[in-house]
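First comes the structure, then the notes that go with it.
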Amino acid sequence: MKSRVNWLVGLATELAAVMAMAACGHQAAITPPQIHYGEEVCAFCQMTIDDSRFAAALIYRTPDGSQKIATFDDIGCMLAWQREHAADRTIAAFVHDYKSRQWIKAAGAWYARSTAIRTPMGWGIAAGRTETDAEAAASRGKLKPMDFSELWFTAQNTQGAAK
Ligand SMILES: [Zn+2]
């Protein structure tokens, strides 16, 4: 009987450990932050973040191993910040779908860059969940949407506003 109780205690301990691990796993799931619009400032340009359509966020790890979050008012500010913080490792990057204003993962999104897109810091970048969404964001300009690597390349090779 004693061994059965011990077994049960053992099982309960194991279950608790599994549940704790599951809880940790849940906590570690990378989700975009909640931005307090009109209060929070952009990590790059220090301007207040007002427009969710162009707001972006980075979750990153510093060289000393701590995990941090940076939020931005313009997708271009995020790219510029990344260029200046090469030592920090990006864990996840998020942008907003221009149309629905929902967070989407930056790496899987489509981008349009045009002077027709008025963004807070003039980078002229809008993101869409699909190529068609990105195209719609730039409906006034005739351009081909880019994926994240193309956007990254373009942004790293041009300073500031869209051409
Ligand atoms: Zn900014």
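Letters A, B, ... go to the chains of the structure tokens in the order shown; residues in each chain start at 1; ligands are counted from 1 in the same order.
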Show me which residues are within 12 Å of ligand 1 counting only C-alpha atoms and all ligand atoms, and format the list as number ranges by chain. A: 40-51, 54-57, 70-81, 119-123, 160
Name the residues of range 16-146 of chain A that fall into strand (DSSP E or B) according to DSSP on the backbone, using the chain letters and numbers of this document, as a PyMOL selection string. chain A and resi 41+48+56-61+67-72+89-97+103-105+110-113+125-128+146
Please dump the current selection as a short mmCIF file (atom, residue, chain, number, x, y, z; two decimals), in the first residue's frame; keep C-alpha atoms.
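Output below, filename again-v9.cif:
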data_model
loop_
_atom_site.label_atom_id
_atom_site.label_comp_id
_atom_site.auth_asym_id
_atom_site.auth_seq_id
_atom_site.Cartn_x
_atom_site.Cartn_y
_atom_site.Cartn_z
CA VAL A 41 7.80 55.84 -28.19
CA THR A 48 5.23 58.50 -30.17
CA ALA A 56 6.43 47.12 -35.76
CA ALA A 57 8.04 45.13 -32.96
CA LEU A 58 11.19 43.13 -32.44
CA ILE A 59 11.85 40.52 -29.81
CA TYR A 60 15.57 40.08 -29.52
CA ARG A 61 18.36 38.67 -27.42
CA GLN A 67 15.48 38.82 -24.00
CA LYS A 68 14.09 42.26 -24.83
CA ILE A 69 11.35 43.90 -26.84
CA ALA A 70 11.65 46.99 -29.00
CA THR A 71 8.66 48.70 -30.61
CA PHE A 72 8.65 51.06 -33.56
CA ARG A 89 20.02 38.54 -32.21
CA THR A 90 16.47 38.84 -33.54
CA ILE A 91 14.16 36.20 -32.13
CA ALA A 92 11.03 37.41 -33.88
CA ALA A 93 9.93 40.48 -35.80
CA PHE A 94 6.34 41.59 -36.24
CA VAL A 95 4.60 44.12 -38.45
CA HIS A 96 0.94 44.95 -39.00
CA ASP A 97 -1.19 43.93 -41.91
CA TRP A 103 -0.03 41.70 -36.12
CA ILE A 104 1.71 39.42 -38.61
CA LYS A 105 5.17 37.89 -38.63
CA TRP A 110 4.71 41.04 -48.14
CA TYR A 111 5.78 44.65 -48.43
CA ALA A 112 5.11 47.63 -50.62
CA ARG A 113 7.40 50.62 -50.58
CA ILE A 125 6.65 50.84 -46.22
CA ALA A 126 3.39 48.97 -45.72
CA ALA A 127 3.02 45.28 -44.97
CA GLY A 128 0.38 42.82 -46.05
CA MET A 146 8.57 42.50 -51.97
#
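Nearest to Thr154 in chain A of all the residues A:Glu84, A:Ser114, A:Ser52, A:Pro33 is A:Ser114, counting only C-alpha atoms.
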I'd like the neighbourhood of Arg83 in chain A as an MDAnalysis selection string, where a residue qualifies if any of its atoms comes within 10 Å (using only C-alpha atoms), though same-chain residues fewer than 6 positions away should be ignored. chainID A and resid 77 152 155:156
Keeping only N, CA and C atoms, write those residues as an mmCIF file, in the first residue's frame.
data_model
loop_
_atom_site.group_PDB
_atom_site.id
_atom_site.type_symbol
_atom_site.label_atom_id
_atom_site.label_comp_id
_atom_site.auth_asym_id
_atom_site.auth_seq_id
_atom_site.Cartn_x
_atom_site.Cartn_y
_atom_site.Cartn_z
ATOM 1 N N CYS A 77 11.905 52.139 -39.339
ATOM 2 C CA CYS A 77 12.639 52.378 -38.095
ATOM 3 C C CYS A 77 13.151 51.053 -37.532
ATOM 4 N N TRP A 152 14.473 44.025 -46.787
ATOM 5 C CA TRP A 152 15.673 44.188 -45.982
ATOM 6 C C TRP A 152 16.800 44.733 -46.840
ATOM 7 N N ALA A 155 16.108 48.347 -47.895
ATOM 8 C CA ALA A 155 16.227 49.286 -46.773
ATOM 9 C C ALA A 155 17.681 49.465 -46.352
ATOM 10 N N GLN A 156 18.491 48.409 -46.438
ATOM 11 C CA GLN A 156 19.879 48.516 -46.028
ATOM 12 C C GLN A 156 20.693 49.317 -47.023
#
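In this structure, CA of Ala106 in chain A sits 10.7 Å away from CA of Pro32 in chain A.
Proximity ranking of A:Leu151, A:Ala136, A:Ala116, A:Ile35 relative to Lys99 in chain A places A:Ala136 first, based on only C-alpha atoms.
Among the candidates A:Ser100, A:Asn157, A:Ser149, A:Thr115, the one nearest to Arg53 in chain A when counting only C-alpha atoms is A:Ser100.
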